[in-house]
$ cat coords12.txt   # compact mmCIF, C-alpha atoms and all ligand atoms
# COMPACT_ATOMS: atom_id res chain seq x y z
CA MET A 1 -10.61 14.28 10.50
CA GLY A 2 -10.18 11.90 13.43
CA ARG A 3 -13.52 10.06 13.23
CA PRO A 4 -13.28 6.60 11.68
CA LEU A 5 -16.86 6.77 10.33
CA ALA A 6 -16.16 9.96 8.38
CA LYS A 7 -13.02 8.35 6.94
CA HIS A 8 -14.95 5.26 5.92
CA ARG A 9 -17.48 7.52 4.19
CA LEU A 10 -14.74 9.37 2.30
CA PHE A 11 -13.12 6.05 1.35
CA PHE A 12 -16.42 4.67 0.05
CA ARG A 13 -17.08 7.86 -1.94
CA GLU A 14 -13.65 7.58 -3.56
CA PHE A 15 -14.29 3.86 -4.20
CA ARG A 16 -17.39 4.82 -6.21
CA GLN A 17 -15.82 7.80 -7.98
CA ASN A 18 -12.32 6.40 -8.51
CA TYR A 19 -12.77 2.63 -8.37
CA HIS A 20 -9.75 1.94 -10.59
CA THR A 21 -7.21 3.53 -8.23
CA THR A 22 -9.03 3.10 -4.88
CA GLY A 23 -9.68 -0.60 -5.39
CA ALA A 24 -11.39 -1.39 -2.06
CA ILE A 25 -14.71 -0.57 -0.40
CA LEU A 26 -13.20 -0.07 3.04
CA PRO A 27 -9.80 0.94 4.41
CA SER A 28 -7.57 -1.88 5.68
CA GLY A 29 -8.48 -3.23 9.12
CA ARG A 30 -6.24 -3.11 12.18
CA ARG A 31 -4.76 -6.58 11.74
CA LEU A 32 -3.92 -6.06 8.08
CA SER A 33 -2.42 -2.64 8.89
CA ALA A 34 -0.26 -4.15 11.64
CA ALA A 35 0.95 -6.95 9.34
CA LEU A 36 1.88 -4.41 6.67
CA ALA A 37 3.89 -2.38 9.21
CA ARG A 38 5.78 -5.48 10.44
CA TYR A 39 9.24 -4.26 9.33
CA VAL A 40 8.87 -0.61 10.38
CA GLY A 41 11.18 0.35 13.24
CA ARG A 42 12.71 -3.10 13.62
CA ASP A 43 16.43 -2.51 13.14
CA GLY A 44 17.32 -0.09 15.88
CA GLN A 45 18.77 1.81 12.91
CA VAL A 46 17.36 4.93 11.32
CA GLN A 47 14.88 4.02 8.60
CA ARG A 48 13.56 5.92 5.60
CA VAL A 49 9.99 4.64 5.26
CA LEU A 50 7.70 5.05 2.24
CA GLU A 51 3.99 4.28 2.28
CA VAL A 52 2.51 3.96 -1.19
CA GLY A 53 -1.24 4.64 -1.48
CA PRO A 54 -2.02 5.53 2.17
CA GLY A 55 -5.65 6.48 1.37
CA THR A 56 -7.36 7.59 4.59
CA GLY A 57 -4.30 6.60 6.67
CA ALA A 58 -5.43 3.28 8.21
CA VAL A 59 -2.02 1.64 7.63
CA THR A 60 -0.23 4.93 8.29
CA ARG A 61 -1.59 4.79 11.84
CA SER A 62 0.20 1.45 12.42
CA ILE A 63 3.36 2.79 10.78
CA VAL A 64 3.58 5.99 12.85
CA LYS A 65 3.22 3.97 16.08
CA LYS A 66 6.37 2.01 15.19
CA LEU A 67 8.55 4.77 13.74
CA GLY A 68 11.81 5.31 15.60
CA PRO A 69 12.66 8.84 16.84
CA GLU A 70 14.83 9.66 13.81
CA ASP A 71 13.00 7.67 11.15
CA ARG A 72 11.46 9.56 8.24
CA LEU A 73 8.15 8.88 6.56
CA ASP A 74 7.05 9.75 3.02
CA LEU A 75 3.42 9.19 2.05
CA VAL A 76 2.89 9.07 -1.72
CA GLU A 77 -0.77 9.37 -2.67
CA LEU A 78 -2.19 10.35 -6.05
CA ASN A 79 -5.77 11.07 -4.93
CA PRO A 80 -6.09 14.78 -3.93
CA SER A 81 -8.92 14.13 -1.42
CA PHE A 82 -6.85 11.49 0.40
CA ALA A 83 -3.72 13.66 0.26
CA ALA A 84 -5.64 16.61 1.79
CA LEU A 85 -6.95 14.37 4.60
CA LEU A 86 -3.45 13.06 5.36
CA ARG A 87 -2.10 16.62 5.54
CA LYS A 88 -4.91 17.53 7.94
CA ASP A 89 -4.17 14.51 10.12
CA LEU A 90 -0.47 15.35 10.24
CA ALA A 91 -1.46 18.79 11.53
CA ALA A 92 -4.21 17.78 13.96
CA ASP A 93 -4.34 14.08 14.87
CA PRO A 94 -2.16 13.52 17.99
CA ALA A 95 -0.69 10.20 16.75
CA PHE A 96 0.21 11.68 13.37
CA ARG A 97 1.33 15.04 14.78
CA ALA A 98 3.99 13.27 16.83
CA VAL A 99 5.85 12.44 13.58
CA ALA A 100 4.74 15.41 11.46
CA ALA A 101 8.17 17.08 11.44
CA ARG A 102 9.64 13.95 9.88
CA ALA A 103 6.80 13.14 7.52
CA ARG A 104 5.60 14.53 4.21
CA VAL A 105 2.71 13.91 1.85
CA ILE A 106 3.80 13.64 -1.77
CA GLU A 107 0.76 14.10 -3.98
CA LYS A 108 1.62 12.19 -7.15
CA PRO A 109 1.69 8.66 -8.57
CA VAL A 110 4.50 6.57 -7.08
CA GLU A 111 5.87 6.04 -10.59
CA GLN A 112 6.79 9.76 -10.60
CA LEU A 113 8.90 9.74 -7.42
CA ALA A 114 12.40 11.17 -7.87
CA ASP A 115 14.95 8.84 -9.46
CA ASP A 116 17.36 9.12 -6.56
CA ALA A 117 14.84 8.43 -3.73
CA ARG A 118 15.71 5.29 -1.72
CA TYR A 119 13.82 3.70 1.21
CA ASP A 120 14.69 1.05 3.80
CA VAL A 121 11.05 0.04 4.23
CA ILE A 122 8.28 0.36 1.66
CA VAL A 123 4.67 -0.44 2.53
CA SER A 124 2.30 -0.54 -0.43
CA GLY A 125 -1.49 -0.56 -0.47
CA LEU A 126 -1.86 -0.33 -4.25
CA PRO A 127 -4.78 -2.31 -5.79
CA LEU A 128 -2.55 -4.03 -8.35
CA ASN A 129 -5.31 -6.33 -9.61
CA ASN A 130 -7.19 -3.28 -10.97
CA PHE A 131 -4.32 -2.22 -13.21
CA SER A 132 -3.12 -3.26 -16.65
CA VAL A 133 -0.25 -5.76 -16.83
CA GLU A 134 2.01 -2.98 -18.14
CA SER A 135 1.14 -0.71 -15.17
CA VAL A 136 1.79 -3.52 -12.69
CA GLU A 137 5.17 -4.21 -14.31
CA GLN A 138 6.01 -0.51 -14.23
CA ILE A 139 4.98 -0.22 -10.56
CA LEU A 140 7.01 -3.29 -9.58
CA ALA A 141 10.02 -1.84 -11.41
CA THR A 142 9.48 1.46 -9.56
CA LEU A 143 9.31 -0.27 -6.17
CA ARG A 144 12.48 -2.24 -7.04
CA ARG A 145 14.24 1.05 -7.89
CA LEU A 146 13.04 2.77 -4.69
CA LEU A 147 14.08 -0.01 -2.31
CA ALA A 148 17.51 0.53 -0.72
CA PRO A 149 19.89 -2.47 -0.62
CA GLY A 150 18.78 -4.76 2.22
CA GLY A 151 15.42 -2.95 2.43
CA THR A 152 12.03 -4.60 2.83
CA LEU A 153 8.88 -4.15 0.77
CA SER A 154 5.53 -5.22 2.23
CA PHE A 155 2.33 -5.28 0.17
CA PHE A 156 -0.99 -7.07 0.23
CA GLU A 157 -3.49 -8.70 -2.03
CA TYR A 158 -6.86 -10.17 -1.16
CA ILE A 159 -6.80 -13.95 -0.90
CA ALA A 160 -8.04 -15.71 -4.07
CA ILE A 161 -9.21 -12.36 -5.49
CA ARG A 162 -7.88 -13.06 -9.00
CA ARG A 163 -9.62 -16.45 -9.09
CA MET A 164 -12.91 -14.87 -7.89
CA LYS A 165 -12.67 -11.99 -10.39
CA ALA A 166 -11.83 -14.42 -13.19
CA LEU A 167 -15.04 -16.38 -12.48
CA VAL A 168 -17.21 -13.35 -13.25
CA SER A 169 -15.10 -11.76 -16.01
CA GLY A 170 -14.77 -12.04 -19.77
CA PRO A 171 -11.73 -13.34 -21.68
CA SER A 172 -9.81 -10.03 -21.83
CA THR A 173 -10.00 -9.49 -18.04
CA ARG A 174 -9.02 -13.12 -17.45
CA LYS A 175 -5.99 -12.63 -19.71
CA ARG A 176 -5.07 -9.43 -17.84
CA LEU A 177 -5.37 -11.19 -14.45
CA ARG A 178 -3.15 -14.07 -15.68
CA GLY A 179 -0.57 -11.50 -16.79
CA ILE A 180 -0.63 -9.83 -13.35
CA ALA A 181 -0.30 -13.22 -11.61
CA HIS A 182 2.71 -13.97 -13.80
CA ALA A 183 4.34 -10.57 -13.07
CA LEU A 184 3.79 -10.97 -9.31
CA ASP A 185 5.00 -14.58 -9.24
CA SER A 186 8.25 -13.60 -11.01
CA PHE A 187 8.71 -10.68 -8.63
CA LEU A 188 8.13 -12.81 -5.52
CA ASP A 189 10.09 -15.85 -6.72
CA GLY A 190 13.17 -16.23 -4.49
CA ASN A 191 12.59 -12.75 -2.99
CA GLU A 192 9.68 -13.34 -0.61
CA ILE A 193 11.05 -13.60 2.94
CA ARG A 194 7.69 -14.04 4.68
CA ARG A 195 3.98 -14.22 3.92
CA ASP A 196 1.27 -13.46 6.50
CA ALA A 197 -2.35 -14.52 6.14
CA VAL A 198 -4.77 -11.99 7.64
CA TRP A 199 -8.16 -13.69 7.91
CA LEU A 200 -9.90 -11.04 10.04
CA ASN A 201 -10.16 -8.36 7.40
CA VAL A 202 -12.75 -7.35 4.81
CA LEU A 203 -11.60 -9.19 2.62
CA PRO A 204 -9.02 -11.66 4.03
CA ALA A 205 -5.57 -10.85 2.64
CA TRP A 206 -2.06 -12.13 2.05
CA VAL A 207 0.73 -9.80 3.10
CA HIS A 208 3.90 -10.40 1.09
CA HIS A 209 7.23 -9.28 2.53
CA VAL A 210 10.02 -9.02 -0.01
CA ARG A 211 13.77 -8.42 0.09
CA LEU A 212 15.52 -8.00 -3.24
CA PRO A 213 19.04 -9.14 -4.09
C1 LIG A 301 -6.71 -0.11 -1.74
S1 LIG A 301 -6.46 1.62 -1.36
C2 LIG A 301 -5.45 1.39 0.11
C3 LIG A 301 -5.58 2.52 1.09
C4 LIG A 301 -4.90 2.28 2.44
N1 LIG A 301 -3.50 1.96 2.27
C5 LIG A 301 -5.59 1.17 3.19
O1 LIG A 301 -5.01 0.06 3.20
O2 LIG A 301 -6.66 1.41 3.74
C6 LIG A 301 -5.28 2.10 -2.60
C7 LIG A 301 -4.70 3.49 -2.47
O3 LIG A 301 -3.67 3.65 -3.43
C8 LIG A 301 -3.78 4.95 -4.05
N2 LIG A 301 -3.11 4.83 -5.36
C9 LIG A 301 -3.53 4.12 -6.44
N3 LIG A 301 -2.61 4.17 -7.42
C10 LIG A 301 -1.58 4.91 -6.95
C11 LIG A 301 -0.31 5.31 -7.50
N4 LIG A 301 0.07 4.95 -8.74
N5 LIG A 301 0.52 6.07 -6.73
C12 LIG A 301 0.16 6.45 -5.47
N6 LIG A 301 -1.04 6.10 -4.90
C13 LIG A 301 -1.88 5.34 -5.64
C14 LIG A 301 -5.29 5.18 -4.10
O4 LIG A 301 -5.62 6.53 -4.27
C15 LIG A 301 -5.70 4.61 -2.73
O5 LIG A 301 -5.52 5.57 -1.72

$ encode --input "coords12.txt" --output "structure tokens"
Amino acid sequence: MGRPLAKHRLFFREFRQNYHTTGAILPSGRRLSAALARYVGRDGQVQRVLEVGPGTGAVTRSIVKKLGPEDRLDLVELNPSFAALLRKDLAADPAFRAVAARARVIEKPVEQLADDARYDVIVSGLPLNNFSVESVEQILATLRRLLAPGGTLSFFEYIAIRRMKALVSGPSTRKRLRGIAHALDSFLDGNEIRRDAVWLNVLPAWVHHVRLP
């Protein structure tokens, strides 16, 4: 499915049917996708790259453009409709087909990836603010485990989204959002190597880039 409009329609359908895991009305825009792919293909060394929650492949498109000739790409996606679309694109879309022999779609939650998997670059599109504090902590622990020494994790969150959600939410959601803020702050503290603001996106977003000790 190469047509952007059809992908937007699929994304919106999944937003309505699976709001909790989809977490956005539209796929990431070009600028946000490019910021998320900042550390792909930078070293001149072979990279194992993991994209978490690729959805309809908006960020994947930026990633595949930057992959080196021997880099490998794993796409871990729990939604079967998105996983099927990604498989189709790897078979038929020229940009994706160019890396198809070195890419695979893993249809499961990222928390279930093999214990011994390690990646030099991880790009995550997960809607963390939709999850429970316990899930966010588990996902952050998973990403920590999956990142190879010296590797880089890039992920985004919409600017001021927790504050905006808190304004229209009851006490239990506000408590959950404070817990997520706390978990993310502890994760980023001393580990964030760069933060990009992407204003031209629906919605504007921060991209956090993290290297762990
Ligand atoms: C906000 S969308 C981002 C999609 C795409 N990366 C983009 O930026 O347009 C979140 C994606 O994460 C996927 N997802 C949610 N929880 C997941 C999990 N635990 N493991 C893998 N994928 C997950 C959803 O199915 C969805 O495709």

$ closest_residue --input "coords12.txt" --among "A:Lys108, A:Lys175, A:Arg194, A:Arg48" --to "ligand LIG 301 (chain A)" --atoms "all atoms listed in the file"
A:Lys108

$ residues_around --input "coords12.txt" --residues "A:Gly57" --least-positions-apart "6" --cutoff "10 Å" --atoms "only C-alpha atoms" --output "ChimeraX atom specification"
/A:7,27-28,33,51,63,75,82-83,85-86,89,96

$ atom_distance --input "coords12.txt" --atom1 "atom CA of A:Leu78" --atom2 "atom CA of A:Leu203"
23.4 Å

$ residues_near_ligand --input "coords12.txt" --ligand "ligand LIG 301 (chain A)" --cutoff "8 Å" --atoms "all atoms listed in the file" --output "JSON, numbers by chain"
{"A": [18, 20, 21, 22, 23, 24, 26, 27, 28, 29, 32, 33, 51, 52, 53, 54, 55, 56, 57, 58, 59, 60, 76, 77, 78, 79, 82, 107, 108, 109, 110, 111, 124, 125, 126, 127, 139]}

$ closest_residue --input "coords12.txt" --among "A:Arg178, A:Glu70, A:His209, A:Ala117" --to "A:Ala103" --atoms "all atoms listed in the file"
A:Glu70

$ closest_residue --input "coords12.txt" --among "A:Arg31, A:Arg61, A:Arg42, A:Arg163" --to "A:Pro204" --atoms "all atoms listed in the file"
A:Arg31

$ closest_residue --input "coords12.txt" --among "A:Arg30, A:Lys65, A:His8, A:Arg145" --to "A:Ile122" --atoms "only C-alpha atoms"
A:Arg145

$ residues_around --input "coords12.txt" --residues "A:Leu140" --least-positions-apart "4" --cutoff "12 Å" --atoms "all atoms listed in the file" --output "ChimeraX atom specification"
/A:52,110-111,122,124,126,128,131,133-136,144-147,153,155,180,183-188,210,212

$ closest_residue --input "coords12.txt" --among "A:Pro69, A:Arg9, A:Ala92, A:Arg162" --to "A:His182" --atoms "only C-alpha atoms"
A:Arg162

$ atom_distance --input "coords12.txt" --atom1 "atom CA of A:Pro94" --atom2 "atom CA of A:Val64"
10.8 Å

$ atom_distance --input "coords12.txt" --atom1 "atom CA of A:Arg176" --atom2 "atom CA of A:Pro80"
27.9 Å

$ residues_around --input "coords12.txt" --residues "A:Pro149" --least-positions-apart "4" --cutoff "9 Å" --atoms "only C-alpha atoms" --output "list in words"
Arg118, Tyr119, Asp120, Arg211, Leu212 and Pro213 of chain A

$ closest_residue --input "coords12.txt" --among "A:Leu50, A:Val121, A:Met164, A:Ala98" --to "A:Thr152" --atoms "only C-alpha atoms"
A:Val121

$ residues_near_point --input "coords12.txt" --point "(1.7, -6.4, 6.0)" --cutoff "8 Å" --atoms "all atoms listed in the file" --output "ChimeraX atom specification"
/A:32-38,123,154-156,196,206-209

$ axis_aligned_box --input "coords12.txt" --around "stretch 9-27 of chain A" --padding-each-side "3 Å" --output "lines of an AutoDock Vina configuration file"
center_x = -12.3
center_y = 4.0
center_z = -3.1
size_x = 16.3
size_y = 16.8
size_z = 21.0

$ residues_around --input "coords12.txt" --residues "A:Thr173" --least-positions-apart "5" --cutoff "10 Å" --atoms "only C-alpha atoms" --output "PyMOL selection string"
chain A and resi 130+132+162+165-166+168+178-179
